[in-house]
$ cat final-v6.csv   # CSV, C-alpha atoms and all ligand atoms
chain,number,residue,atom,x,y,z
A,1,MET,CA,-21.0,6.1,-7.2
A,2,GLY,CA,-19.7,9.2,-5.5
A,3,THR,CA,-16.2,10.6,-5.8
A,4,PRO,CA,-13.7,7.9,-6.6
A,5,VAL,CA,-11.0,7.2,-4.0
A,6,ILE,CA,-8.3,7.1,-6.7
A,7,GLU,CA,-8.5,8.7,-10.1
A,8,LEU,CA,-5.6,8.8,-12.5
A,9,ARG,CA,-5.9,10.3,-16.0
A,10,GLY,CA,-3.1,9.9,-18.5
A,11,VAL,CA,-0.5,9.7,-15.8
A,12,THR,CA,3.2,9.4,-16.7
A,13,THR,CA,6.1,9.2,-14.3
A,14,ILE,CA,9.7,9.5,-15.3
A,15,TYR,CA,12.6,9.0,-12.8
A,16,GLU,CA,15.1,11.7,-12.6
A,17,GLY,CA,17.9,11.3,-15.2
A,18,GLU,CA,15.9,8.7,-17.1
A,19,ARG,CA,14.4,9.2,-20.6
A,20,ILE,CA,11.9,6.3,-20.7
A,21,PRO,CA,8.9,6.7,-18.4
A,22,ALA,CA,8.6,4.0,-15.7
A,23,ILE,CA,4.8,4.3,-16.0
A,24,HIS,CA,3.1,5.6,-19.1
A,25,GLU,CA,-0.3,7.2,-19.6
A,26,ILE,CA,-2.1,5.4,-16.8
A,27,ASP,CA,-5.8,5.7,-16.5
A,28,LEU,CA,-7.2,4.1,-13.4
A,29,VAL,CA,-10.3,4.8,-11.3
A,30,VAL,CA,-10.9,3.0,-8.0
A,31,GLU,CA,-14.2,3.4,-6.2
A,32,ARG,CA,-14.7,3.4,-2.5
A,33,GLY,CA,-14.7,-0.1,-1.0
A,34,GLU,CA,-13.0,-1.8,-3.9
A,35,PHE,CA,-10.3,-4.5,-3.3
A,36,LEU,CA,-8.0,-4.3,-6.2
A,37,ALA,CA,-4.9,-6.4,-6.9
A,38,LEU,CA,-2.1,-4.9,-9.1
A,39,ILE,CA,0.0,-7.6,-10.7
A,40,GLY,CA,2.7,-8.0,-13.3
A,41,PRO,CA,6.4,-9.1,-13.7
A,42,ASN,CA,9.3,-7.4,-12.0
A,43,GLY,CA,10.1,-3.9,-13.3
A,44,VAL,CA,6.8,-3.2,-15.0
A,45,GLY,CA,6.1,-0.2,-12.7
A,46,LYS,CA,3.9,-1.4,-9.9
A,47,THR,CA,5.8,0.3,-7.1
A,48,THR,CA,6.2,3.4,-9.2
A,49,LEU,CA,2.4,3.5,-9.7
A,50,LEU,CA,1.8,3.1,-6.0
A,51,GLU,CA,4.2,5.9,-5.1
A,52,THR,CA,2.7,8.1,-7.9
A,53,ILE,CA,-0.7,7.5,-6.4
A,54,ASN,CA,0.3,8.6,-2.9
A,55,GLY,CA,2.4,11.5,-4.2
A,56,LEU,CA,5.8,10.3,-3.0
A,57,LEU,CA,6.8,10.4,-6.7
A,58,ASP,CA,5.8,13.4,-8.8
A,59,HIS,CA,4.2,12.6,-12.1
A,60,LYS,CA,5.4,14.3,-15.3
A,61,ALA,CA,2.0,14.3,-17.1
A,62,GLY,CA,-1.6,13.7,-16.4
A,63,ALA,CA,-3.6,14.2,-13.2
A,64,VAL,CA,-3.7,12.2,-9.9
A,65,ARG,CA,-6.7,12.8,-7.7
A,66,LEU,CA,-7.5,11.1,-4.4
A,67,PHE,CA,-10.8,11.6,-2.8
A,68,GLY,CA,-11.4,14.2,-5.5
A,69,LEU,CA,-8.3,16.3,-4.5
A,70,ASP,CA,-5.1,16.9,-6.5
A,71,VAL,CA,-2.3,15.0,-4.9
A,72,ARG,CA,0.2,17.6,-6.1
A,73,ARG,CA,-1.4,20.3,-4.1
A,74,GLU,CA,-2.8,18.3,-1.2
A,75,GLY,CA,-0.3,15.5,-0.9
A,76,HIS,CA,0.6,16.0,2.7
A,77,ARG,CA,-3.0,16.1,3.9
A,78,LEU,CA,-4.0,13.2,1.6
A,79,ARG,CA,-1.2,10.9,2.9
A,80,ARG,CA,-2.7,11.1,6.3
A,81,ARG,CA,-5.7,9.2,4.9
A,82,ILE,CA,-3.5,6.5,3.3
A,83,GLY,CA,-2.0,3.5,5.0
A,84,TYR,CA,1.0,2.5,3.0
A,85,ILE,CA,3.2,-0.5,3.4
A,86,PRO,CA,6.3,-0.1,1.2
A,87,GLN,CA,7.9,-3.0,-0.6
A,88,ALA,CA,10.4,-5.3,1.3
A,89,VAL,CA,10.6,-3.5,4.6
A,90,SER,CA,12.7,-5.4,7.1
A,91,PHE,CA,14.4,-4.3,10.3
A,92,PRO,CA,17.9,-5.3,11.1
A,93,GLU,CA,18.2,-7.3,14.3
A,94,LEU,CA,19.7,-4.4,16.3
A,95,THR,CA,17.2,-1.7,15.3
A,96,PRO,CA,16.8,0.4,18.5
A,97,PHE,CA,13.0,0.7,18.4
A,98,LEU,CA,10.2,-1.2,20.1
A,99,VAL,CA,7.2,-2.3,18.1
A,100,ARG,CA,5.1,0.4,19.7
A,101,ASP,CA,7.6,3.1,18.6
A,102,VAL,CA,7.5,1.9,15.0
A,103,VAL,CA,3.7,2.0,15.0
A,104,LEU,CA,3.7,5.5,16.7
A,105,MET,CA,5.7,6.9,13.8
A,106,ALA,CA,2.6,6.6,11.7
A,107,ARG,CA,1.0,9.3,13.8
A,108,PHE,CA,3.7,11.9,13.1
A,109,GLY,CA,1.7,13.2,10.1
A,110,ARG,CA,-1.0,14.3,12.5
A,111,ILE,CA,1.3,15.2,15.5
A,112,GLY,CA,3.9,17.1,13.5
A,113,LEU,CA,7.5,16.4,14.2
A,114,ILE,CA,8.0,19.1,17.0
A,115,HIS,CA,5.0,18.1,19.1
A,116,ARG,CA,4.7,15.3,21.6
A,117,PRO,CA,2.3,12.4,21.0
A,118,ARG,CA,-0.9,12.7,23.1
A,119,ALA,CA,-3.0,10.1,24.8
A,120,ALA,CA,-5.1,9.8,21.6
A,121,ASP,CA,-2.0,8.8,19.7
A,122,TYR,CA,-0.9,6.2,22.1
A,123,ARG,CA,-4.5,4.8,22.1
A,124,ALA,CA,-4.4,4.7,18.3
A,125,VAL,CA,-1.2,2.7,18.5
A,126,GLU,CA,-2.7,0.2,21.0
A,127,ARG,CA,-5.8,-0.1,18.9
A,128,ALA,CA,-3.9,-0.7,15.7
A,129,LEU,CA,-1.8,-3.5,17.3
A,130,GLU,CA,-5.0,-5.1,18.6
A,131,LEU,CA,-6.6,-4.8,15.2
A,132,VAL,CA,-3.9,-7.0,13.7
A,133,GLY,CA,-3.7,-9.3,16.7
A,134,SER,CA,-0.2,-8.2,17.8
A,135,ALA,CA,-0.9,-6.3,21.0
A,136,ALA,CA,1.4,-8.7,22.8
A,137,LEU,CA,4.4,-7.6,20.7
A,138,ALA,CA,4.2,-3.9,21.8
A,139,ARG,CA,7.3,-3.9,24.0
A,140,ARG,CA,9.4,-6.2,21.9
A,141,PRO,CA,12.4,-4.8,19.9
A,142,ILE,CA,11.2,-4.7,16.2
A,143,GLY,CA,14.4,-6.3,14.9
A,144,LYS,CA,14.0,-9.5,17.0
A,145,LEU,CA,10.7,-10.4,15.4
A,146,SER,CA,10.1,-12.9,12.5
A,147,GLY,CA,9.4,-11.6,9.0
A,148,GLY,CA,5.7,-12.3,9.4
A,149,GLN,CA,5.5,-10.5,12.8
A,150,GLN,CA,7.4,-7.5,11.3
A,151,GLN,CA,4.9,-7.4,8.4
A,152,LYS,CA,2.0,-7.4,10.9
A,153,VAL,CA,3.6,-4.5,12.7
A,154,MET,CA,3.8,-2.7,9.3
A,155,LEU,CA,0.2,-3.3,8.9
A,156,ALA,CA,-0.5,-2.0,12.4
A,157,ARG,CA,1.5,1.1,11.5
A,158,ALA,CA,-0.6,1.6,8.4
A,159,MET,CA,-3.8,1.2,10.5
A,160,ALA,CA,-2.6,3.6,13.2
A,161,LYS,CA,-3.3,6.4,10.7
A,162,GLU,CA,-6.9,5.3,10.8
A,163,PRO,CA,-6.8,5.3,7.0
A,164,GLU,CA,-9.5,5.1,4.4
A,165,LEU,CA,-7.2,3.8,1.7
A,166,LEU,CA,-4.6,1.0,2.0
A,167,LEU,CA,-1.7,0.7,-0.5
A,168,LEU,CA,0.2,-2.5,0.1
A,169,ASP,CA,3.3,-3.3,-1.9
A,170,GLU,CA,4.0,-7.0,-2.0
A,171,PRO,CA,3.1,-7.5,1.7
A,172,PHE,CA,3.6,-11.3,1.4
A,173,SER,CA,7.1,-11.3,-0.1
A,174,ASN,CA,9.6,-13.4,1.9
A,175,LEU,CA,6.8,-14.9,4.1
A,176,ASP,CA,6.1,-18.6,4.4
A,177,PHE,CA,2.7,-20.0,3.7
A,178,VAL,CA,1.4,-19.8,7.2
A,179,ALA,CA,2.4,-16.2,7.8
A,180,ARG,CA,1.1,-15.2,4.3
A,181,GLU,CA,-2.3,-16.8,5.0
A,182,GLU,CA,-2.5,-15.1,8.4
A,183,ILE,CA,-1.7,-11.6,7.1
A,184,ALA,CA,-3.9,-12.0,4.0
A,185,SER,CA,-6.9,-12.9,6.2
A,186,THR,CA,-6.1,-10.0,8.5
A,187,ILE,CA,-6.0,-7.6,5.5
A,188,VAL,CA,-9.3,-8.9,4.2
A,189,ARG,CA,-10.9,-8.6,7.6
A,190,LEU,CA,-9.8,-5.0,8.1
A,191,HIS,CA,-10.9,-4.2,4.6
A,192,GLU,CA,-14.4,-5.5,5.2
A,193,GLU,CA,-14.9,-4.4,8.8
A,194,LEU,CA,-13.6,-0.9,8.3
A,195,GLY,CA,-15.0,-0.4,4.8
A,196,LEU,CA,-11.6,0.4,3.4
A,197,THR,CA,-10.5,0.8,-0.2
A,198,THR,CA,-7.5,-1.5,-0.7
A,199,LEU,CA,-4.9,-1.7,-3.5
A,200,ILE,CA,-2.5,-4.6,-3.1
A,201,VAL,CA,0.5,-5.3,-5.3
A,202,LEU,CA,1.1,-9.0,-5.6
A,203,HIS,CA,4.0,-10.8,-7.0
A,204,ASP,CA,2.8,-14.2,-6.4
A,205,LEU,CA,-0.8,-14.8,-7.6
A,206,LYS,CA,-1.3,-17.5,-4.9
A,207,GLY,CA,-1.8,-14.6,-2.5
A,208,LEU,CA,-4.9,-13.4,-4.3
A,209,PRO,CA,-7.7,-13.3,-1.7
A,210,PRO,CA,-11.1,-14.6,-2.8
A,211,CYS,CA,-12.7,-11.2,-2.0
A,212,CYS,CA,-10.6,-9.6,-4.7
A,213,GLN,CA,-13.0,-8.7,-7.5
A,214,ARG,CA,-10.7,-6.7,-9.7
A,215,VAL,CA,-7.2,-7.4,-11.1
A,216,VAL,CA,-5.0,-4.8,-12.9
A,217,LEU,CA,-2.2,-6.4,-14.9
A,218,MET,CA,0.7,-4.3,-16.0
A,219,ARG,CA,3.2,-4.8,-18.8
A,220,ALA,CA,6.1,-2.4,-19.6
A,221,GLY,CA,4.8,0.6,-17.7
A,222,ARG,CA,1.3,0.4,-19.0
A,223,ILE,CA,-2.0,-1.2,-17.9
A,224,PHE,CA,-2.3,-4.3,-20.0
A,225,ARG,CA,-5.6,-5.7,-18.6
A,226,ASP,CA,-8.1,-4.5,-16.0
A,227,GLY,CA,-11.0,-6.7,-15.1
A,228,CYS,CA,-12.4,-9.4,-12.9
A,229,PRO,CA,-9.9,-12.2,-11.9
A,230,ASP,CA,-11.5,-14.7,-14.3
A,231,GLU,CA,-10.8,-12.5,-17.3
A,232,VAL,CA,-7.4,-11.2,-16.3
A,233,LEU,CA,-5.9,-14.4,-14.9
A,234,ASP,CA,-6.5,-16.2,-18.1
A,235,PRO,CA,-3.4,-18.3,-18.9
A,236,LEU,CA,-3.0,-16.8,-22.4
A,237,ILE,CA,-3.2,-13.3,-21.1
A,238,LEU,CA,-0.8,-14.0,-18.3
A,239,ALA,CA,1.6,-15.7,-20.7
A,240,ALA,CA,1.6,-12.6,-22.9
A,241,ALA,CA,2.3,-10.3,-19.9
A,242,TYR,CA,4.9,-12.6,-18.2
A,243,GLN,CA,6.8,-13.7,-21.3
B,1,LIG,N1,14.8,5.2,-8.3
B,1,LIG,C1,14.8,4.8,-9.6
B,1,LIG,N2,15.5,5.4,-10.6
B,1,LIG,C2,15.5,5.0,-11.9
B,1,LIG,N3,14.7,4.0,-12.3
B,1,LIG,C3,14.0,3.3,-11.4
B,1,LIG,C4,14.0,3.7,-10.0
B,1,LIG,N4,13.1,2.8,-9.4
B,1,LIG,C5,12.7,2.0,-10.3
B,1,LIG,N5,13.2,2.3,-11.5
B,1,LIG,C6,12.9,1.6,-12.8
B,1,LIG,O1,11.5,1.9,-13.1
B,1,LIG,C7,10.9,0.7,-13.6
B,1,LIG,C8,9.7,0.2,-12.8
B,1,LIG,O2,10.2,-0.2,-11.5
B,1,LIG,P1,9.2,-0.6,-10.3
B,1,LIG,O3,8.1,0.4,-10.3
B,1,LIG,O4,10.0,-0.8,-9.1
B,1,LIG,O5,8.6,-1.9,-10.9
B,1,LIG,P2,7.9,-3.1,-10.1
B,1,LIG,O6,7.5,-2.6,-8.8
B,1,LIG,O7,6.8,-3.5,-11.0
B,1,LIG,O8,8.9,-4.2,-10.0
B,1,LIG,C9,12.0,-0.4,-13.7
B,1,LIG,O9,12.5,-0.3,-15.0
B,1,LIG,C10,13.0,0.1,-12.7
B,1,LIG,O10,14.3,-0.3,-13.1
B,2,MG,MG,7.9,-3.2,-6.9
$ encode --input "final-v6.csv" --output "structure tokens"
Amino acid sequence: MGTPVIELRGVTTIYEGERIPAIHEIDLVVERGEFLALIGPNGVGKTTLLETINGLLDHKAGAVRLFGLDVRREGHRLRRRIGYIPQAVSFPELTPFLVRDVVLMARFGRIGLIHRPRAADYRAVERALELVGSAALARRPIGKLSGGQQQKVMLARAMAKEPELLLLDEPFSNLDFVAREEIASTIVRLHEELGLTTLIVLHDLKGLPPCCQRVVLMRAGRIFRDGCPDEVLDPLILAAAYQ
């Protein structure tokens, strides 16, 4: 199987000032090429788990390894290999950035803040916008776009890092059916064409793409079920988790 892309062993994360862990003793191994959906009701710890995986939140116990490396020691370098779409990003109408600026921000991990972007960075931005079918939006102000267009730009921003791992936190929230289907099919196409490993948090199970072979269901900060969609999406199991 090779080295797993994600490997969590007994991982517990507690927010500062809190006593109860937001996620508790999580064991999770994701192999290269997997497309995994993370589901569960609001507040069970899905976002916390994603941010613990990419090292934006420090864990209190256990071990987080990505590509075989400890995220605590190698976080900065590892995050360059991860395309992350945070939950509920939306840009106010007057945000003073063009679409291509927003996508270029993804390159700062490589460029460093004090250096200027190079031709390769601008090319990566162009390529990423083309990958998601949004090249025509490059010079539009980000705040003037629809929710679906903004979400595609976020996907382009994630792709501009030329990532191996995609972490997507509810990328379909606040989108209508058409926009959701379009972004879902773009994500699936990128996953397959580029051989990515993809972990997607879904709030609404209608967004589950057919290529998704594994569903992890959380309840109260723990993994409640981890298996193929047929097993995990059983009405009785869902009722127990979403009660
Ligand atoms: N910054 C924070 N400080 C303290 N508690 C938080 C913070 N963010 C989230 N939580 C709590 O941690 C738990 C898990 O939240 P979250 O990971 O956002 O859940 P989900 O993404 O599944 O809705 C919830 O009880 C939430 O209230
Ligand atoms: Mg969340």
$ closest_residue --input "final-v6.csv" --among "A:Gly10, A:Gly147, A:Gly133, A:Pro21" --to "ligand LIG 1 (chain B)" --atoms "all atoms listed in the file"
A:Pro21
$ residues_around --input "final-v6.csv" --residues "A:Gln149" --least-positions-apart "4" --cutoff "10 Å" --atoms "all atoms listed in the file" --output "PDB file with C-alpha atoms, in the coordinates of the input"
ATOM      1  CA  VAL A  99       7.200  -2.300  18.100  1.00  0.00           C
ATOM      2  CA  SER A 134      -0.200  -8.200  17.800  1.00  0.00           C
ATOM      3  CA  LEU A 137       4.400  -7.600  20.700  1.00  0.00           C
ATOM      4  CA  ILE A 142      11.200  -4.700  16.200  1.00  0.00           C
ATOM      5  CA  LYS A 144      14.000  -9.500  17.000  1.00  0.00           C
ATOM      6  CA  LEU A 145      10.700 -10.400  15.400  1.00  0.00           C
ATOM      7  CA  VAL A 153       3.600  -4.500  12.700  1.00  0.00           C
ATOM      8  CA  MET A 154       3.800  -2.700   9.300  1.00  0.00           C
ATOM      9  CA  LEU A 155       0.200  -3.300   8.900  1.00  0.00           C
ATOM     10  CA  LEU A 175       6.800 -14.900   4.100  1.00  0.00           C
ATOM     11  CA  ALA A 179       2.400 -16.200   7.800  1.00  0.00           C
ATOM     12  CA  ILE A 183      -1.700 -11.600   7.100  1.00  0.00           C
TER      13      ILE A 183
END
$ closest_residue --input "final-v6.csv" --among "A:Ala124, A:Pro141, A:Leu104, A:Leu56" --to "A:Pro92" --atoms "only C-alpha atoms"
A:Pro141
$ atom_distance --input "final-v6.csv" --atom1 "atom CA of A:Lys46" --atom2 "atom CA of A:Val102"
25.4 Å
$ residues_near_point --input "final-v6.csv" --point "(-7.7, -8.0, -11.9)" --cutoff "9 Å" --atoms "all atoms listed in the file" --output "list in words"
Leu36, Ala37, Leu38, Ile39, Cys212, Gln213, Arg214, Val215, Val216, Leu217, Arg225, Asp226, Gly227, Cys228, Pro229, Asp230, Glu231, Val232 and Leu233 of chain A
$ atom_distance --input "final-v6.csv" --atom1 "atom CA of A:Lys60" --atom2 "atom CA of A:Thr198"
25.1 Å
$ closest_residue --input "final-v6.csv" --among "A:Glu74, A:Asp27, A:Glu34, A:Asp169" --to "ligand LIG 1 (chain B)" --atoms "all atoms listed in the file"
A:Asp169
$ closest_residue --input "final-v6.csv" --among "A:Asn42, A:Val71, A:Gly2, A:Gly83" --to "ligand LIG 1 (chain B)" --atoms "only C-alpha atoms and all ligand atoms"
A:Asn42
$ residues_near_ligand --input "final-v6.csv" --ligand "ligand LIG 1 (chain B)" --cutoff "10 Å" --atoms "all atoms listed in the file" --output "ChimeraX atom specification"
/A:13-23,38-52,57,87,169-170,201-203,218-221
$ residues_around --input "final-v6.csv" --residues "A:Ala156" --least-positions-apart "3" --cutoff "7 Å" --atoms "only C-alpha atoms" --output "PDB file with C-alpha atoms, in the frame of the given file"
ATOM      1  CA  VAL A 103       3.700   2.000  15.000  1.00  0.00           C
ATOM      2  CA  ALA A 128      -3.900  -0.700  15.700  1.00  0.00           C
ATOM      3  CA  LEU A 129      -1.800  -3.500  17.300  1.00  0.00           C
ATOM      4  CA  VAL A 132      -3.900  -7.000  13.700  1.00  0.00           C
ATOM      5  CA  LYS A 152       2.000  -7.400  10.900  1.00  0.00           C
ATOM      6  CA  VAL A 153       3.600  -4.500  12.700  1.00  0.00           C
ATOM      7  CA  MET A 159      -3.800   1.200  10.500  1.00  0.00           C
ATOM      8  CA  ALA A 160      -2.600   3.600  13.200  1.00  0.00           C
TER       9      ALA A 160
END
$ closest_residue --input "final-v6.csv" --among "A:Thr186, A:Leu131, A:Ser173, A:Ile26" --to "ligand MG 2 (chain B)" --atoms "only C-alpha atoms and all ligand atoms"
A:Ser173
$ closest_residue --input "final-v6.csv" --among "A:Pro4, A:Gly109, A:Gly143, A:Pro171" --to "ligand MG 2 (chain B)" --atoms "all atoms listed in the file"
A:Pro171
$ residues_around --input "final-v6.csv" --residues "A:Lys206" --least-positions-apart "2" --cutoff "10 Å" --atoms "all atoms listed in the file" --output "mmCIF file with C-alpha atoms, in the coordinates of the input"
data_model
loop_
_atom_site.group_PDB
_atom_site.id
_atom_site.type_symbol
_atom_site.label_atom_id
_atom_site.label_comp_id
_atom_site.auth_asym_id
_atom_site.auth_seq_id
_atom_site.Cartn_x
_atom_site.Cartn_y
_atom_site.Cartn_z
ATOM 1 C CA PHE A 177 2.700 -20.000 3.700
ATOM 2 C CA ARG A 180 1.100 -15.200 4.300
ATOM 3 C CA GLU A 181 -2.300 -16.800 5.000
ATOM 4 C CA LEU A 202 1.100 -9.000 -5.600
ATOM 5 C CA HIS A 203 4.000 -10.800 -7.000
ATOM 6 C CA ASP A 204 2.800 -14.200 -6.400
ATOM 7 C CA LEU A 208 -4.900 -13.400 -4.300
ATOM 8 C CA PRO A 209 -7.700 -13.300 -1.700
#
$ atom_distance --input "final-v6.csv" --atom1 "atom CA of A:Arg81" --atom2 "atom CA of A:His115"
19.9 Å
